[in-house]
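Notes for the one structure printed next.
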Amino acid sequence: MDGNEKKLSEYIDRLNAERQPEQHGAPGDSPELERLYSTVRLVRSLREPALPKGDYPKELAAAVRSRQTGKGYQKGKKRVWLGGLAGMAAVLVIAVMLSSILPLGNVDVVHAMEEAFRGIKAYHGILEIVTSNAQGQQNLRTKLEVWADKEGRYYIRGLEGWQKDIITVNNGGSKWQVRPDRREVNVFPAFPDAYRFIFELGNEIEQAKNALSTSVVGEDTIAGRKTDVLEVTPKGGAPYRIWVDKETRLPLQKQSAMQNALQSTVTYTSINFGDVIPGELLVLEVPDGYSEIDKNPEQFVNSMTEAAEALGFAPKVPGEVPAGFDPEGVAIVPDTGLVKLYYIAGDRKAKVVVVQGKADGEFKRASTSIFAQVNGSPAEVQSPVGEEHGILRSGGQYAGIAGISSIRWRQDGYEYAVIGDAPLEQMADFAEGLVGGALEMPSTGQQSFARSAIEVPVDLEMEENEQKSVDAGHSPWRLDPVYVAQVFVSLEISPEGIVGEYPIEYEELEVIENNGAEAVVKVTDDNTPIEKVFLKRLVRQDSTGIWTVVGYDPAN
Amino acid sequence: MLRINKSKNSKQCHEASIEEICSETWEILYRYVYFKVQNREEAEDITQEAYVKALSRWQQGAVRPDNHAAYLKTTALNIIRDRWRKTKRKGAEVDLEAVNPLDIAVEGPAETSNLRMMVDDALKKLAEDQRRVIDLRIIKGFSVARTAEMMGKKESTVRVIQYRALKALADILEENSESREGPKYGW
C-alpha cells in the first residue's frame, strides 16, 4: 500500500481515538500530506467536540494551581457558584415557558394535525431552508418547489441555492434526479428512499405523534398565517419547534435546535392542497443532450415464471400474504442473482420486500444484530438495519436508513431476507409464511447467557454519561459489541494505551450470542489473554443502547 | 460576568479566582483549541498550558480582568503555533502558512458557521463513494475495517478512496477559498 495512504489513515485513527497524532509533535511530513491532515481536521470540525470527562473545570483549576505553586492538588475543594446560578436561571426559563403555555392542549394540536392530514390527498408548496448562526446571521440555503402526495410520490425542483435547477422525483416505481450541472439523469431504486425531502408533512406529524413530549409554547405569524408554536422533544435528540397553521392545522415551519452553532429553519412560504401531482411531473424524460445513468440494479419482471427463467431457480412465495398487505411487483437483480417480491400495505404507509437468492459462502450475522432463528435455522434480525451482509449487501441501500428493519436467514441452500418499514411482527409474518416455520427471538431475561469467569466492575453513572454522549453523536463504536470487545482486549494486551493499529484485529472477534441486551464475543486469536468477552446494554436495551464489558473468560 | 475581588489578596482568594476563571471560561477555550487540534488529549493539554501562561500574566496585572476569554484564546493560539512551527522546523523547514491554507484562525461563531457551510458544500461535490468514506471514517469515526465492512469493500480500497477523497476535497476547498473575498486563511 502507498505509504501516504497508510499515514493518512493512521492520522485519522489517532484523531478518532481522541489522542494527539504523532504528526502534531514530530518531524513533519510532505506538504501534500500536511495539506490532507488539515483537511481531515477541517472535516472533523463538523462533529461536536469530544468534551473532557469528569469534573474537568475543577480538575483543570487544581492542575493549574498545582503547576503555578509546584504542589500536587487536592480533590474536593469548594464547588463553584456558577452551577447554582445556571441552575436557577434554568428554573426561571422553565417557569417563564410554563407560564406561556396556551390553554389549547398539546395532544389536541397533534391530533388536529393528524386529522387535517387525513383529509388531504396531495400538496404543492414553496419551501425555504434558512440557516442561522449563533449571532443571528441568516443564510438562505435553498428554495424548493415541492409536489407530494399521500402515496409517497414527490417531485422536487430547486429554485435557488445549492440545489438550483436540480429535479428529484420518486414516482413509487423508481426515483431519479436530473442534474443540469452534469447534464445527467441518475436513476435509483424507489424503495427504500434514503433521502426523501425535508419537512414532508406526513413525516413531521408522525414524528410529533411519536415524540417523548410536545407542548404548545406560543403563537406566531408565519408567511402571513397565524400559527401555534409547538415544541417537540423526540425520543433521543434535541427538542425542536414546529409552527402549526391555526386554520389548516398543518405544519408550516420547523426550526431545529442550535447544533454546531447552526440552526436551520424550514418554511413553506406558500402551500396549497389538491388531489394529485400533475402526471407529467412523474414521468421520467431524459432531456436532449443528457445521459441517463441507471444506478438501479433491479429490473421489474411480469411474473414469477419470468424471474425463474432469468435466475435459474424457482423463487418461494409466502403461502399467504399477511393481512393488510397486497403484492406490488416482482423484480430481479441480474448481477447478484436475486429476486425481490414487493408488498405494500393497504394504507400505503409501509412496504415490505422479500429478497431471495442462492446461498453463497458462510452465513455470517451482523455483529450488531439480534441472533434469532427462523424455522430452526440461525437468523439475523436488525431493527434498524446497521450492516449489510449476505443478500442484503447492496452498497448502502438499506443500512442506516431510519425505520428500515430486516430478518435474514438460510434454508435448503438459499438465503432469504425480509426487509421493510413495517413493524417487526408483520415482517415476521412474511418470514414465517415463506418457509412455514416460526421466527424465534432470544429471551432477554436476567443473565440469559452463561456467567463469565471474571467479572469486570462497572460504574453505572459513567456509563449513563457515555450513553448521553453517544446519543449526541459521539463514539458510535460503543454501539457495536465487537468494537467494544476489541478495545477491551486491546487494552488488556497493551495496558499503556493503543498506539496505531489495534493489537487485535476486528476480524479476530466473533459474536457468538446476542439477544439485543446481552452479547458474548469470542476471541479467535490464540495469542491473547482473553477467550470470551461478556457485554451488556446496561442503560438502554435497544439499537441505540451502548455496550459495556461486564466480564470475560481468560484463555487457557 | 466574572468578578474578581481585587481588594482581597489572600492565597484563598487567589485559589478561588483560579477556580472561578476556569469554571467560567474553560469551555469556550477548550472548544476553540479543540476546533484547531481535533483531539481531546491535545486540547486538554493546550487548554491547561494556556491557563498557566495567562494566569501568570494576569497576576502581573498585564491584562484587563474583563478580557480573560480573548486573552486565553490568543495565548492558546500562540501555544499551538509555537508547537506546530517547532514541528516543521525539525523537518523540512516547511512554511506552515503556505501549506495549511485550510486551517482557519476562527475567531467567532459566524466564521465557524461559514466554515462549516463551506465544508458541507464541498463535501456535496465529491463522488458518492468518496463522500461515504469521509462520512464513515471522519464524521462518524469508524475504523477502516468497519468502514470496509459497511461498504462491502476491501480495507486497502477504503484507504485509497479516503486518500483521493481528501485530496479532491482539499482542492475544492482551496478553490473556493481563493475565490472568496476577504482575508486568506492561515495561521
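Simple scheme: letters A, B, ... for chains in C-alpha cells order, numbers from 1 for residues in each chain, numbers from 1 for ligands in the order shown.
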
- Leaving out stretch 360-368 of chain A and any residue of its chain fewer than 5 positions from it, which residues lie within 6 Å of it when counting only C-alpha atoms, given as a PyMOL selection string? chain A and resi 380+480+511

With C-alpha atoms retained, write the just-selected residues as a tab-separated table (two decimals), in the first residue's frame.
chain	number	residue	atom	x	y	z
A	380	GLU	CA	-30.16	-12.22	11.86
A	480	ASP	CA	-21.03	-2.33	18.28
A	511	VAL	CA	-20.20	-12.53	18.23

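Comparing the minimum interatomic distances between chain B and each of A:Tyr290, A:Phe191, A:Tyr506, A:Tyr11, counting only C-alpha atoms, we find that A:Tyr506 sits nearest.
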
- Task: Using only C-alpha atoms, pick whichever of A:Glu18, A:Glu461, A:Asp542, A:Glu415 has the shortest atom-to-atom distance to A:Ser383.
- Result: A:Asp542

- Query: Can you list, as a count of residues only, every protein, DNA or RNA residue that comes within 8 Å of A:Ala399 when you count only C-alpha atoms, leaving out same-chain residues fewer than 6 positions away?
  - Reply: 5

- Pick from B:Ile28, B:Ala165, B:Ala127, B:Val52 nearest to chain A, counting only C-alpha atoms: B:Val52

- Message: Can you pull out every residue from stretch 265-487 of chain A that DSSP, working from the backbone, puts in helix (DSSP H, G or I), and format the result as JSON, numbers by chain?
- Response: {"A": [279, 280, 281, 282, 304, 305, 306, 307, 308, 309, 310, 311, 390, 391, 392, 424, 425, 426, 427, 428, 429, 430, 431, 432, 433, 434, 435, 460, 461, 462, 463, 464, 465, 466, 467, 468, 469, 470, 471, 476, 477, 478, 479, 481, 482, 483, 484, 485, 486, 487]}

- Message: Please extract the residues of stretch 192-297 of chain A with a backbone DSSP assignment of strand (DSSP E or B) and present them as a ChimeraX atom specification.
- Response: /A:213-222,225-233,240-245,251-255,259,262-274,291-294

May I have the residues from that selection written out with N, CA and C atoms, as a compact mmCIF listing (two decimals), in the first residue's frame?
# COMPACT_ATOMS: atom_id res chain seq x y z
N SER A 213 -42.43 14.10 24.19
CA SER A 213 -43.41 15.07 24.68
C SER A 213 -43.57 16.20 23.67
N THR A 214 -44.72 16.85 23.72
CA THR A 214 -44.95 18.03 22.90
C THR A 214 -45.64 19.07 23.78
N SER A 215 -45.31 20.33 23.54
CA SER A 215 -46.02 21.37 24.29
C SER A 215 -46.16 22.62 23.44
N VAL A 216 -47.32 23.24 23.56
CA VAL A 216 -47.55 24.49 22.84
C VAL A 216 -46.88 25.59 23.64
N VAL A 217 -45.95 26.30 22.99
CA VAL A 217 -45.17 27.29 23.74
C VAL A 217 -45.45 28.73 23.29
N GLY A 218 -46.37 28.91 22.36
CA GLY A 218 -46.69 30.29 21.96
C GLY A 218 -47.46 30.35 20.66
N GLU A 219 -47.60 31.59 20.17
CA GLU A 219 -48.28 31.84 18.90
C GLU A 219 -47.37 32.71 18.05
N ASP A 220 -47.53 32.65 16.75
CA ASP A 220 -46.66 33.44 15.87
C ASP A 220 -47.38 33.59 14.53
N THR A 221 -46.85 34.50 13.69
CA THR A 221 -47.39 34.62 12.33
C THR A 221 -46.28 34.27 11.35
N ILE A 222 -46.54 33.29 10.51
CA ILE A 222 -45.55 32.81 9.55
C ILE A 222 -46.13 32.95 8.15
N ARG A 225 -49.60 33.82 7.97
CA ARG A 225 -50.58 32.88 8.54
C ARG A 225 -50.40 32.83 10.06
N LYS A 226 -51.51 32.78 10.78
CA LYS A 226 -51.44 32.67 12.23
C LYS A 226 -51.13 31.22 12.62
N THR A 227 -50.20 31.03 13.54
CA THR A 227 -49.79 29.66 13.89
C THR A 227 -49.68 29.47 15.41
N ASP A 228 -49.78 28.21 15.83
CA ASP A 228 -49.40 27.80 17.18
C ASP A 228 -47.98 27.27 17.09
N VAL A 229 -47.16 27.58 18.09
CA VAL A 229 -45.78 27.08 18.09
C VAL A 229 -45.72 25.87 19.03
N LEU A 230 -45.28 24.77 18.48
CA LEU A 230 -45.26 23.51 19.23
C LEU A 230 -43.82 23.09 19.46
N GLU A 231 -43.45 22.86 20.71
CA GLU A 231 -42.09 22.33 20.96
C GLU A 231 -42.18 20.82 21.07
N VAL A 232 -41.35 20.15 20.28
CA VAL A 232 -41.38 18.68 20.20
C VAL A 232 -40.07 18.14 20.76
N THR A 233 -40.17 17.27 21.76
CA THR A 233 -38.97 16.61 22.30
C THR A 233 -38.98 15.16 21.83
N TYR A 240 -37.07 20.41 19.14
CA TYR A 240 -37.19 21.35 18.03
C TYR A 240 -38.60 21.92 18.06
N ARG A 241 -38.85 22.91 17.19
CA ARG A 241 -40.17 23.54 17.19
C ARG A 241 -40.83 23.44 15.83
N ILE A 242 -42.14 23.27 15.82
CA ILE A 242 -42.88 23.38 14.56
C ILE A 242 -44.02 24.39 14.74
N TRP A 243 -44.28 25.13 13.68
CA TRP A 243 -45.33 26.14 13.68
C TRP A 243 -46.53 25.54 12.93
N VAL A 244 -47.67 25.48 13.59
CA VAL A 244 -48.83 24.81 13.02
C VAL A 244 -49.88 25.86 12.63
N ASP A 245 -50.27 25.87 11.38
CA ASP A 245 -51.26 26.82 10.86
C ASP A 245 -52.56 26.66 11.64
N PRO A 251 -48.53 21.67 9.61
CA PRO A 251 -47.28 22.38 9.91
C PRO A 251 -46.86 23.31 8.77
N LEU A 252 -46.36 24.48 9.13
CA LEU A 252 -45.89 25.44 8.14
C LEU A 252 -44.38 25.68 8.25
N GLN A 253 -43.85 25.49 9.44
CA GLN A 253 -42.43 25.78 9.64
C GLN A 253 -41.85 24.85 10.70
N LYS A 254 -40.56 24.55 10.53
CA LYS A 254 -39.86 23.73 11.52
C LYS A 254 -38.51 24.37 11.80
N GLN A 255 -38.15 24.43 13.08
CA GLN A 255 -36.85 25.00 13.44
C GLN A 255 -36.10 24.03 14.32
N GLN A 259 -27.34 23.46 16.74
CA GLN A 259 -26.37 22.38 16.80
C GLN A 259 -25.14 22.80 16.02
N LEU A 262 -25.17 26.13 14.59
CA LEU A 262 -26.05 26.38 13.44
C LEU A 262 -27.46 25.93 13.76
N GLN A 263 -28.41 26.68 13.23
CA GLN A 263 -29.82 26.32 13.42
C GLN A 263 -30.49 26.43 12.06
N SER A 264 -31.29 25.44 11.71
CA SER A 264 -31.94 25.54 10.41
C SER A 264 -33.44 25.73 10.59
N THR A 265 -34.01 26.56 9.73
CA THR A 265 -35.44 26.82 9.76
C THR A 265 -36.00 26.50 8.36
N VAL A 266 -37.00 25.64 8.32
CA VAL A 266 -37.60 25.22 7.06
C VAL A 266 -39.03 25.73 7.04
N THR A 267 -39.38 26.48 6.01
CA THR A 267 -40.69 27.13 5.99
C THR A 267 -41.40 26.92 4.65
N TYR A 268 -42.67 26.55 4.70
CA TYR A 268 -43.50 26.61 3.49
C TYR A 268 -43.97 28.05 3.37
N THR A 269 -43.34 28.81 2.46
CA THR A 269 -43.76 30.21 2.31
C THR A 269 -45.09 30.29 1.59
N SER A 270 -45.43 29.21 0.86
CA SER A 270 -46.79 29.10 0.33
C SER A 270 -47.11 27.61 0.21
N ILE A 271 -48.36 27.26 0.38
CA ILE A 271 -48.74 25.86 0.24
C ILE A 271 -50.21 25.79 -0.13
N ASN A 272 -50.56 24.89 -1.04
CA ASN A 272 -51.97 24.65 -1.34
C ASN A 272 -52.20 23.16 -1.54
N PHE A 273 -53.46 22.79 -1.50
CA PHE A 273 -53.78 21.36 -1.45
C PHE A 273 -54.65 20.96 -2.63
N GLY A 274 -54.42 19.74 -3.15
CA GLY A 274 -55.21 19.27 -4.29
C GLY A 274 -55.34 17.76 -4.24
N SER A 291 -27.20 12.42 -20.41
CA SER A 291 -27.02 10.96 -20.40
C SER A 291 -27.77 10.38 -19.20
N GLU A 292 -28.34 9.20 -19.40
CA GLU A 292 -29.07 8.53 -18.32
C GLU A 292 -28.13 7.54 -17.64
N ILE A 293 -27.96 7.68 -16.34
CA ILE A 293 -27.08 6.77 -15.61
C ILE A 293 -27.95 5.95 -14.67
N ASP A 294 -28.11 4.69 -15.01
CA ASP A 294 -29.01 3.84 -14.24
C ASP A 294 -28.27 3.24 -13.06

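Of the residues under consideration (A:Ile391, A:Ala359, A:Val178, A:Ala314), A:Ile391 shows the shortest atom-to-atom contact distance to chain B when counting only C-alpha atoms.
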
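Excluding A:Thr524 itself and same-chain residues fewer than 2 positions from it, the residues having an atom within 10 Å of it are Ile504, Glu505, Glu507, Glu508, Leu509, Glu510, Val521, Lys522, Asp526, Asn527, Thr528, Ile530, Glu531 and Lys532 of chain A, counting only C-alpha atoms.
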
- Residues near stretch 146-150 of chain A, cut-off 12 Å, only C-alpha atoms, skip fewer than 5 positions along chain, as a PyMOL selection string: chain A and resi 117-128+155-159+167-172+196-203+267-279+281-282+347-350

- Determine, counting only C-alpha atoms, which protein, DNA and RNA residues have an atom within 8 Å of an atom of B:Ala170; residues of the same chain fewer than 2 positions away are not included. Present the result as an NGL selection string. (:A and (35-36 or 39)) or (:B and (102 or 166-168 or 172-174))

Write the residues of the selection above to a file with N, CA and C atoms, as a PDB file, in the first residue's frame.
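File written: selection-v4.pdb
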ATOM      1  N   ARG A  35      -1.280  19.083   4.008  1.00  0.00           N
ATOM      2  CA  ARG A  35      -2.500  19.674   3.460  1.00  0.00           C
ATOM      3  C   ARG A  35      -3.688  18.735   3.717  1.00  0.00           C
ATOM      4  N   LEU A  36      -3.447  17.434   3.570  1.00  0.00           N
ATOM      5  CA  LEU A  36      -4.538  16.473   3.780  1.00  0.00           C
ATOM      6  C   LEU A  36      -4.867  16.341   5.267  1.00  0.00           C
ATOM      7  N   THR A  39      -7.105  19.058   6.031  1.00  0.00           N
ATOM      8  CA  THR A  39      -8.452  18.808   5.514  1.00  0.00           C
ATOM      9  C   THR A  39      -9.207  17.859   6.442  1.00  0.00           C
TER      10      THR A  39
ATOM     11  N   LEU B 102      -6.054  25.699   4.745  1.00  0.00           N
ATOM     12  CA  LEU B 102      -7.399  25.341   5.204  1.00  0.00           C
ATOM     13  C   LEU B 102      -7.552  25.484   6.709  1.00  0.00           C
ATOM     14  N   LEU B 166      -9.952  12.997   0.183  1.00  0.00           N
ATOM     15  CA  LEU B 166      -9.421  14.142   0.920  1.00  0.00           C
ATOM     16  C   LEU B 166      -8.634  15.072   0.002  1.00  0.00           C
ATOM     17  N   LYS B 167      -7.975  14.467  -0.984  1.00  0.00           N
ATOM     18  CA  LYS B 167      -7.221  15.281  -1.951  1.00  0.00           C
ATOM     19  C   LYS B 167      -8.216  16.141  -2.758  1.00  0.00           C
ATOM     20  N   ALA B 168      -9.276  15.483  -3.217  1.00  0.00           N
ATOM     21  CA  ALA B 168     -10.282  16.214  -4.006  1.00  0.00           C
ATOM     22  C   ALA B 168     -10.926  17.309  -3.157  1.00  0.00           C
ATOM     23  N   ILE B 172     -11.042  21.351  -3.751  1.00  0.00           N
ATOM     24  CA  ILE B 172     -12.304  22.111  -3.842  1.00  0.00           C
ATOM     25  C   ILE B 172     -12.289  23.260  -2.837  1.00  0.00           C
ATOM     26  N   LEU B 173     -11.864  22.939  -1.615  1.00  0.00           N
ATOM     27  CA  LEU B 173     -11.870  23.962  -0.565  1.00  0.00           C
ATOM     28  C   LEU B 173     -10.889  25.092  -0.894  1.00  0.00           C
ATOM     29  N   GLU B 174      -9.745  24.721  -1.427  1.00  0.00           N
ATOM     30  CA  GLU B 174      -8.766  25.756  -1.791  1.00  0.00           C
ATOM     31  C   GLU B 174      -9.306  26.638  -2.900  1.00  0.00           C
TER      32      GLU B 174
END
